[in-house]
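A.B. asks: Next up, query.txt (compact mmCIF, C-alpha atoms).
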```txt
# COMPACT_ATOMS: atom_id res chain seq x y z
CA MET A 90 15.69 -22.21 5.58
CA ILE A 91 14.26 -18.83 4.68
CA GLY A 92 11.60 -17.42 7.01
CA ALA A 93 7.95 -17.43 5.96
CA TYR A 94 7.63 -13.64 6.08
CA THR A 95 10.94 -13.24 4.23
CA ALA A 96 9.62 -15.50 1.47
CA ALA A 97 6.30 -13.64 1.36
CA ALA A 98 8.04 -10.26 1.10
CA LEU A 99 10.15 -11.48 -1.81
CA ALA A 100 7.03 -12.92 -3.46
CA ALA A 101 5.23 -9.58 -3.05
CA ILE A 102 8.09 -7.72 -4.75
CA THR A 103 8.25 -10.29 -7.56
CA ALA A 104 4.48 -10.16 -8.11
CA ALA A 105 4.52 -6.35 -8.32
CA VAL A 106 7.39 -6.32 -10.83
CA LEU A 107 5.81 -9.03 -12.99
CA MET A 108 2.38 -7.37 -12.99
CA ASP A 109 3.85 -4.01 -13.97
CA LEU A 110 6.34 -5.11 -16.61
CA VAL A 111 4.91 -8.34 -18.02
CA VAL A 112 1.25 -9.00 -17.21
CA LEU A 113 -0.49 -5.61 -17.31
CA ARG A 114 2.43 -3.80 -18.99
CA THR A 115 1.84 -0.51 -17.21
CA GLY A 116 5.59 0.18 -17.13
CA LEU A 117 5.38 2.24 -13.93
CA LEU A 118 8.75 0.95 -12.72
CA ARG A 119 10.37 2.71 -15.68
CA THR A 120 8.94 6.11 -14.74
CA ARG A 121 10.31 8.88 -12.58
CA LEU A 122 6.72 9.49 -11.45
CA PHE A 123 6.59 6.09 -9.75
CA TRP A 124 9.97 6.29 -8.02
CA ALA A 125 9.41 9.85 -6.80
CA SER A 126 6.04 8.78 -5.38
CA TYR A 127 7.49 5.65 -3.84
CA ALA A 128 10.30 7.63 -2.20
CA ILE A 129 7.67 9.73 -0.42
CA VAL A 130 5.60 6.66 0.50
CA VAL A 131 8.58 4.73 1.89
CA PHE A 132 9.63 7.69 4.05
CA PHE A 133 6.23 7.75 5.74
CA GLN A 134 6.08 3.96 5.81
CA LEU A 135 9.22 3.90 7.94
CA ILE A 136 7.55 6.29 10.40
CA VAL A 137 4.24 4.38 10.53
CA ASN A 138 5.93 0.96 10.72
CA GLY A 139 8.35 2.34 13.27
CA ILE A 140 5.42 3.30 15.51
CA LEU A 141 3.58 0.00 14.99
CA THR A 142 6.62 -2.16 15.70
CA GLY A 143 8.44 0.21 18.09
CA LEU A 144 5.47 0.26 20.48
CA GLY A 145 4.94 -3.46 19.93
CA ILE A 146 1.45 -3.04 18.46
CA VAL A 147 2.57 -5.73 16.01
CA GLN A 148 5.12 -8.33 17.13
CA TYR A 149 6.91 -10.95 15.06
CA ASP A 150 7.99 -14.52 15.60
CA PRO A 151 11.81 -14.30 15.20
CA ASP A 152 11.72 -17.53 13.17
CA VAL A 153 9.77 -16.04 10.25
CA ILE A 154 12.01 -13.00 9.67
CA ILE A 155 15.63 -12.66 8.65
CA GLY A 156 16.31 -10.42 11.65
CA VAL A 157 17.43 -7.21 9.94
CA ARG A 158 15.46 -4.23 11.24
CA LEU A 159 15.07 -0.67 9.99
CA ALA A 160 13.46 1.85 12.36
CA PHE A 161 12.30 -1.07 14.59
CA ALA A 162 10.47 -2.79 11.72
CA PRO A 163 11.65 -6.03 10.10
CA ILE A 164 13.20 -5.36 6.69
CA GLU A 165 10.49 -7.64 5.25
CA ASP A 166 7.91 -4.89 5.91
CA LEU A 167 9.54 -2.85 3.13
CA GLY A 168 8.97 -5.63 0.59
CA PHE A 169 5.43 -6.22 1.80
CA GLY A 170 4.68 -2.49 1.59
CA PHE A 171 6.29 -2.16 -1.83
CA GLY A 172 4.09 -4.99 -3.13
CA LEU A 173 0.91 -3.56 -1.57
CA VAL A 174 1.41 -0.02 -2.90
CA THR A 175 2.91 -0.92 -6.28
CA LEU A 176 0.24 -3.49 -7.15
CA THR A 177 -2.43 -0.91 -6.29
CA LEU A 178 -0.77 1.76 -8.46
CA VAL A 179 -0.40 -0.73 -11.33
CA GLY A 180 -4.11 -1.61 -11.12
CA TRP A 181 -5.10 2.05 -10.88
CA THR A 182 -3.02 2.93 -13.94
CA ARG A 183 -4.34 0.00 -15.94
CA LEU A 184 -7.93 0.94 -15.11
CA GLY A 185 -7.30 4.52 -16.20
CA ARG A 186 -6.14 3.34 -19.59
CA ARG A 187 -9.23 1.24 -20.09
CA VAL A 188 -11.44 4.31 -19.57
CA VAL A 189 -9.70 6.08 -22.46
CA ALA A 190 -9.76 3.04 -24.71
CA SER A 191 -13.54 2.70 -24.37
CA ALA A 192 -14.00 6.45 -24.88
CA GLU A 193 -12.05 6.29 -28.12
CA ARG A 194 -14.20 3.49 -29.44
CA ALA A 195 -17.35 5.48 -28.83
CA MET B 42 -6.94 6.12 25.23
CA GLN B 43 -4.14 3.64 24.64
CA HIS B 44 -6.63 1.33 22.96
CA LEU B 45 -7.02 3.89 20.18
CA THR B 46 -3.33 3.87 19.23
CA TYR B 47 -3.41 1.69 16.11
CA LEU B 48 -6.63 3.37 14.94
CA ALA B 49 -5.09 6.81 15.54
CA VAL B 50 -2.05 5.93 13.41
CA LEU B 51 -4.36 4.99 10.52
CA LEU B 52 -6.50 8.11 10.93
CA ALA B 53 -3.36 10.24 10.98
CA CYS B 54 -2.40 8.70 7.62
CA LEU B 55 -5.81 9.56 6.16
CA LEU B 56 -5.86 13.08 7.61
CA GLY B 57 -2.28 13.73 6.55
CA THR B 58 -2.92 12.79 2.93
CA ALA B 59 -6.47 14.20 2.60
CA PRO B 60 -5.28 17.71 1.60
CA LEU B 61 -3.70 16.17 -1.52
CA GLU B 62 -7.20 15.40 -2.80
CA PHE B 63 -8.18 19.06 -2.78
CA ALA B 64 -5.08 21.25 -2.71
CA LEU B 65 -3.28 19.28 -5.43
CA GLN B 66 -6.40 17.86 -7.08
CA ALA B 67 -5.19 14.30 -6.79
CA ARG B 68 -8.84 13.20 -7.26
CA VAL B 69 -8.60 9.73 -5.79
CA TYR B 70 -11.72 9.96 -3.59
CA GLY B 71 -13.33 11.77 -6.52
CA ARG B 72 -12.73 8.67 -8.64
CA TRP B 73 -13.72 6.27 -5.89
CA ARG B 74 -15.00 3.51 -8.17
CA ARG B 75 -11.66 3.27 -9.96
CA ALA B 76 -9.85 3.52 -6.60
CA ALA B 77 -11.97 0.71 -5.15
CA ALA B 78 -11.39 -1.46 -8.23
CA ALA B 79 -7.63 -0.96 -7.86
CA ILE B 80 -7.44 -1.35 -4.08
CA LEU B 81 -9.89 -4.15 -3.21
CA PRO B 82 -8.43 -7.08 -5.21
CA VAL B 83 -4.91 -6.35 -3.91
CA ALA B 84 -6.18 -5.82 -0.36
CA ALA B 85 -8.06 -9.13 -0.53
CA VAL B 86 -4.86 -11.04 -1.31
CA PHE B 87 -2.89 -9.29 1.43
CA VAL B 88 -5.67 -9.75 4.01
CA LEU B 89 -5.84 -13.44 3.15
CA TRP B 90 -2.10 -13.73 3.66
CA ASP B 91 -2.32 -11.70 6.89
CA TYR B 92 -5.13 -13.93 8.12
CA ARG B 93 -3.05 -17.06 7.54
CA ALA B 94 0.12 -15.54 8.99
CA THR B 95 -1.72 -14.39 12.13
CA ALA B 96 -3.47 -17.72 12.51
CA ALA B 97 -0.10 -19.48 12.17
CA GLY B 98 1.41 -17.23 14.86
CA TRP B 99 3.99 -15.60 12.60
CA TRP B 100 2.95 -12.26 14.04
CA TRP B 101 0.46 -11.07 16.61
CA PHE B 102 -1.07 -7.88 18.01
CA ASP B 103 -0.90 -6.31 21.46
CA ASP B 104 -4.49 -5.92 22.73
CA ARG B 105 -3.54 -2.83 24.74
CA TYR B 106 -3.31 -0.79 21.53
CA LEU B 107 -6.48 -2.08 19.85
CA ILE B 108 -10.13 -1.05 20.11
CA GLY B 109 -10.95 -4.73 20.54
CA VAL B 110 -13.03 -5.47 17.44
CA PHE B 111 -11.83 -8.64 15.73
CA LEU B 112 -12.75 -10.54 12.59
CA GLY B 113 -11.33 -13.96 13.28
CA PRO B 114 -7.75 -13.44 14.46
CA LEU B 115 -7.45 -10.03 12.73
CA PRO B 116 -8.12 -6.74 14.52
CA LEU B 117 -10.38 -4.32 12.63
CA GLU B 118 -7.43 -1.90 12.48
CA GLU B 119 -5.34 -4.46 10.59
CA LEU B 120 -8.07 -4.83 7.94
CA MET B 121 -8.26 -1.03 7.65
CA PHE B 122 -4.49 -0.92 7.16
CA PHE B 123 -4.84 -2.62 3.76
CA LEU B 124 -7.29 0.04 2.61
CA VAL B 125 -5.69 3.11 4.21
CA ILE B 126 -2.11 2.58 3.01
CA PRO B 127 -3.09 2.04 -0.65
CA ILE B 128 -5.32 5.17 -0.51
CA CYS B 129 -2.33 7.15 0.80
CA GLY B 130 -0.17 5.67 -1.97
CA LEU B 131 -2.66 6.62 -4.68
CA LEU B 132 -3.04 10.16 -3.34
CA THR B 133 0.75 10.58 -3.27
CA PHE B 134 1.11 9.19 -6.82
CA GLU B 135 -1.61 11.44 -8.25
CA ALA B 136 -0.33 14.49 -6.35
CA VAL B 137 3.18 13.99 -7.73
CA ARG B 138 1.65 13.59 -11.20
CA ARG B 139 -0.11 16.98 -10.84
CA LEU B 140 3.07 18.64 -9.65
CA LYS B 141 5.33 17.01 -12.25
CA PRO B 142 3.25 16.16 -15.33
CA ARG B 143 6.41 15.57 -17.39
CA TRP B 144 7.40 12.71 -15.07
CA ALA B 145 4.46 10.67 -16.33
CA PRO B 146 4.94 9.48 -19.91
CA ALA B 147 1.64 9.31 -21.78
CA ALA B 148 1.84 5.54 -21.74
CA THR B 149 1.38 5.35 -17.98
CA ASP B 150 -2.01 7.07 -18.06
CA VAL B 151 -3.52 8.29 -21.26
CA GLN B 152 -6.45 9.78 -19.39
CA VAL B 153 -4.35 12.71 -18.18
CA ARG B 154 -3.43 13.73 -21.72
CA ARG B 155 -7.02 14.11 -22.84
```
How does this structure look as structure tokens?
C.D. replies:
Amino acid sequence: MIGAYTAAALAAITAAVLMDLVVLRTGLLRTRLFWASYAIVVFFQLIVNGILTGLGIVQYDPDVIIGVRLAFAPIEDLGFGFGLVTLTLVGWTRLGRRVVASAERA
Amino acid sequence: MQHLTYLAVLLACLLGTAPLEFALQARVYGRWRRAAAAILPVAAVFVLWDYRATAAGWWWFDDRYLIGVFLGPLPLEELMFFLVIPICGLLTFEAVRRLKPRWAPAATDVQVRR
């Protein structure tokens, strides 16, 4: 039985990939811009999550996670963070396109 | 002072990325309506999940590191987390775009090409 947070992290990754490549078709995951940005974000995420979980500001029920940790934080945090940031970037990019489309019609 | 720890981590994230807005002209705060439209729907879903997960006891927060303001089971800091981290992500993304315009094909944001 997969843990609840493990399942949620996988769902967050899946949702981000589907939104980018299929639903909104922003195609960010195919760009160097996205991966370079994400590399920077994930570096700082490891520090921030390391502080939050290392100090015990946030604590996890061992039953909901798979038990693999990176810089104190459950590996699931990476999936959760990827979903949060990627979905935001996809929305931001999609909204930027719409601005141009309406300007062109005018 | 210990009660300010979680809040301080979030403020450090905002202060650390703020220079990108000006020095690299990331213009995320400058386009705050678009930023809000991108951030809020995603944040709403994650907060809802966080609310349920916290209520179910899948994770919890140590009161010693919190200012003590709660909305239901969620500390104020945890709600801020879902706004602060996406803002930092957007600022990073736009800053990298300014530094490396060739890394962004026109299809990812036509606005930049105009």
A.B. asks: Padding 6 Å on every side, please: axis-aligned box over the listed atoms of range 42-49 of chain B, centre and edge lengths to one decimal in Å, as lines of an AutoDock Vina configuration file.
C.D. replies:
```
center_x = -5.2
center_y = 4.1
center_z = 20.1
size_x = 15.7
size_y = 17.5
size_z = 22.3
```
A.B. asks: Nearest residue to Leu117 in chain B out of B:Leu131, B:Leu55, B:Leu65, B:Val88, using only C-alpha atoms?
C.D. replies: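 Looking at the shortest contact to Leu117 in chain B, the residue is B:Val88.
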A.B. asks: Return the neighbours of chain B among the residues of chain A, cut-off 7 Å, counting all atoms listed in the file, as a PDB file with C-alpha atoms, in the coordinates of the input.
C.D. replies:
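As written to disk, selection_24.pdb reads:
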```
ATOM      1  CA  THR A 115       1.840  -0.510 -17.210  1.00  0.00           C
ATOM      2  CA  GLY A 116       5.590   0.180 -17.130  1.00  0.00           C
ATOM      3  CA  LEU A 117       5.380   2.240 -13.930  1.00  0.00           C
ATOM      4  CA  THR A 120       8.940   6.110 -14.740  1.00  0.00           C
ATOM      5  CA  ARG A 121      10.310   8.880 -12.580  1.00  0.00           C
ATOM      6  CA  LEU A 122       6.720   9.490 -11.450  1.00  0.00           C
ATOM      7  CA  PHE A 123       6.590   6.090  -9.750  1.00  0.00           C
ATOM      8  CA  SER A 126       6.040   8.780  -5.380  1.00  0.00           C
ATOM      9  CA  VAL A 130       5.600   6.660   0.500  1.00  0.00           C
ATOM     10  CA  GLY A 145       4.940  -3.460  19.930  1.00  0.00           C
ATOM     11  CA  ILE A 146       1.450  -3.040  18.460  1.00  0.00           C
ATOM     12  CA  VAL A 147       2.570  -5.730  16.010  1.00  0.00           C
ATOM     13  CA  GLN A 148       5.120  -8.330  17.130  1.00  0.00           C
ATOM     14  CA  TYR A 149       6.910 -10.950  15.060  1.00  0.00           C
ATOM     15  CA  ASP A 150       7.990 -14.520  15.600  1.00  0.00           C
ATOM     16  CA  VAL A 153       9.770 -16.040  10.250  1.00  0.00           C
ATOM     17  CA  LEU A 173       0.910  -3.560  -1.570  1.00  0.00           C
ATOM     18  CA  VAL A 174       1.410  -0.020  -2.900  1.00  0.00           C
ATOM     19  CA  LEU A 176       0.240  -3.490  -7.150  1.00  0.00           C
ATOM     20  CA  THR A 177      -2.430  -0.910  -6.290  1.00  0.00           C
ATOM     21  CA  LEU A 178      -0.770   1.760  -8.460  1.00  0.00           C
ATOM     22  CA  GLY A 180      -4.110  -1.610 -11.120  1.00  0.00           C
ATOM     23  CA  TRP A 181      -5.100   2.050 -10.880  1.00  0.00           C
ATOM     24  CA  THR A 182      -3.020   2.930 -13.940  1.00  0.00           C
ATOM     25  CA  LEU A 184      -7.930   0.940 -15.110  1.00  0.00           C
ATOM     26  CA  GLY A 185      -7.300   4.520 -16.200  1.00  0.00           C
ATOM     27  CA  ARG A 186      -6.140   3.340 -19.590  1.00  0.00           C
ATOM     28  CA  VAL A 189      -9.700   6.080 -22.460  1.00  0.00           C
TER      29      VAL A 189
END
```
A.B. asks: For a test of reading the model, state the distance in Å between CA of Arg139 in chain B and CA of Thr175 in chain A, rounded to one decimal.
C.D. replies: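 Result for CA of Arg139 in chain B versus CA of Thr175 in chain A: 18.7 Å, one decimal.
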A.B. asks: From the set A:Ile154, A:Ile129, A:Val106, A:Ile136, which residue has the shortest atom-to-atom contact distance to Val179 in chain A, counting all atoms listed in the file?
C.D. replies: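 Of all the options, A:Val106 lies closest to Val179 in chain A.
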A.B. asks: Can you tell me how far CA of Phe63 in chain B sits from CA of Asn138 in chain A, in Å to one decimal?
C.D. replies: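 Between CA of Phe63 in chain B and CA of Asn138 in chain A the gap is 26.6 Å.
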A.B. asks: Any chance you could turn range 94-146 of chain B into a file with C-alpha atoms, as a PDB file, in the first residue's frame?
C.D. replies:
```
ATOM      1  CA  ALA B  94      -3.687  16.103   5.085  1.00  0.00           C
ATOM      2  CA  THR B  95      -3.202  18.122   8.282  1.00  0.00           C
ATOM      3  CA  ALA B  96      -6.702  17.330   9.500  1.00  0.00           C
ATOM      4  CA  ALA B  97      -6.037  13.628   8.829  1.00  0.00           C
ATOM      5  CA  GLY B  98      -2.788  13.792  10.815  1.00  0.00           C
ATOM      6  CA  TRP B  99      -0.511  12.931   7.896  1.00  0.00           C
ATOM      7  CA  TRP B 100       1.711  15.805   8.962  1.00  0.00           C
ATOM      8  CA  TRP B 101       1.695  18.373  11.715  1.00  0.00           C
ATOM      9  CA  PHE B 102       3.498  21.526  12.848  1.00  0.00           C
ATOM     10  CA  ASP B 103       5.602  22.259  15.924  1.00  0.00           C
ATOM     11  CA  ASP B 104       4.003  25.215  17.742  1.00  0.00           C
ATOM     12  CA  ARG B 105       7.394  26.370  19.041  1.00  0.00           C
ATOM     13  CA  TYR B 106       8.312  27.623  15.558  1.00  0.00           C
ATOM     14  CA  LEU B 107       4.999  29.316  14.707  1.00  0.00           C
ATOM     15  CA  ILE B 108       3.607  32.767  15.462  1.00  0.00           C
ATOM     16  CA  GLY B 109       0.424  31.034  16.606  1.00  0.00           C
ATOM     17  CA  VAL B 110      -2.143  32.294  14.095  1.00  0.00           C
ATOM     18  CA  PHE B 111      -4.205  29.419  12.718  1.00  0.00           C
ATOM     19  CA  LEU B 112      -6.941  29.040  10.128  1.00  0.00           C
ATOM     20  CA  GLY B 113      -8.488  25.742  11.082  1.00  0.00           C
ATOM     21  CA  PRO B 114      -5.624  23.273  11.488  1.00  0.00           C
ATOM     22  CA  LEU B 115      -3.280  25.280   9.223  1.00  0.00           C
ATOM     23  CA  PRO B 116      -0.789  27.823  10.569  1.00  0.00           C
ATOM     24  CA  LEU B 117      -0.788  31.180   8.760  1.00  0.00           C
ATOM     25  CA  GLU B 118       2.803  30.460   7.696  1.00  0.00           C
ATOM     26  CA  GLU B 119       1.709  27.298   5.887  1.00  0.00           C
ATOM     27  CA  LEU B 120      -0.868  29.273   3.868  1.00  0.00           C
ATOM     28  CA  MET B 121       1.811  31.853   3.023  1.00  0.00           C
ATOM     29  CA  PHE B 122       4.090  29.036   1.848  1.00  0.00           C
ATOM     30  CA  PHE B 123       1.787  28.361  -1.125  1.00  0.00           C
ATOM     31  CA  LEU B 124       2.024  31.992  -2.210  1.00  0.00           C
ATOM     32  CA  VAL B 125       5.691  32.650  -1.435  1.00  0.00           C
ATOM     33  CA  ILE B 126       7.201  29.603  -3.161  1.00  0.00           C
ATOM     34  CA  PRO B 127       5.328  30.165  -6.459  1.00  0.00           C
ATOM     35  CA  ILE B 128       6.358  33.865  -6.405  1.00  0.00           C
ATOM     36  CA  CYS B 129       9.991  32.779  -5.989  1.00  0.00           C
ATOM     37  CA  GLY B 130       9.547  30.285  -8.835  1.00  0.00           C
ATOM     38  CA  LEU B 131       8.089  32.915 -11.161  1.00  0.00           C
ATOM     39  CA  LEU B 132      10.848  35.407 -10.347  1.00  0.00           C
ATOM     40  CA  THR B 133      13.500  32.758 -11.042  1.00  0.00           C
ATOM     41  CA  PHE B 134      11.832  31.741 -14.326  1.00  0.00           C
ATOM     42  CA  GLU B 135      11.532  35.323 -15.576  1.00  0.00           C
ATOM     43  CA  ALA B 136      15.060  36.201 -14.445  1.00  0.00           C
ATOM     44  CA  VAL B 137      16.503  33.237 -16.348  1.00  0.00           C
ATOM     45  CA  ARG B 138      14.449  34.310 -19.371  1.00  0.00           C
ATOM     46  CA  ARG B 139      16.015  37.805 -19.238  1.00  0.00           C
ATOM     47  CA  LEU B 140      19.498  36.369 -18.921  1.00  0.00           C
ATOM     48  CA  LYS B 141      19.033  33.692 -21.594  1.00  0.00           C
ATOM     49  CA  PRO B 142      16.389  34.878 -24.080  1.00  0.00           C
ATOM     50  CA  ARG B 143      17.387  32.156 -26.554  1.00  0.00           C
ATOM     51  CA  TRP B 144      16.386  29.477 -24.038  1.00  0.00           C
ATOM     52  CA  ALA B 145      12.747  30.491 -24.408  1.00  0.00           C
ATOM     53  CA  PRO B 146      11.296  29.511 -27.774  1.00  0.00           C
TER      54      PRO B 146
END
```
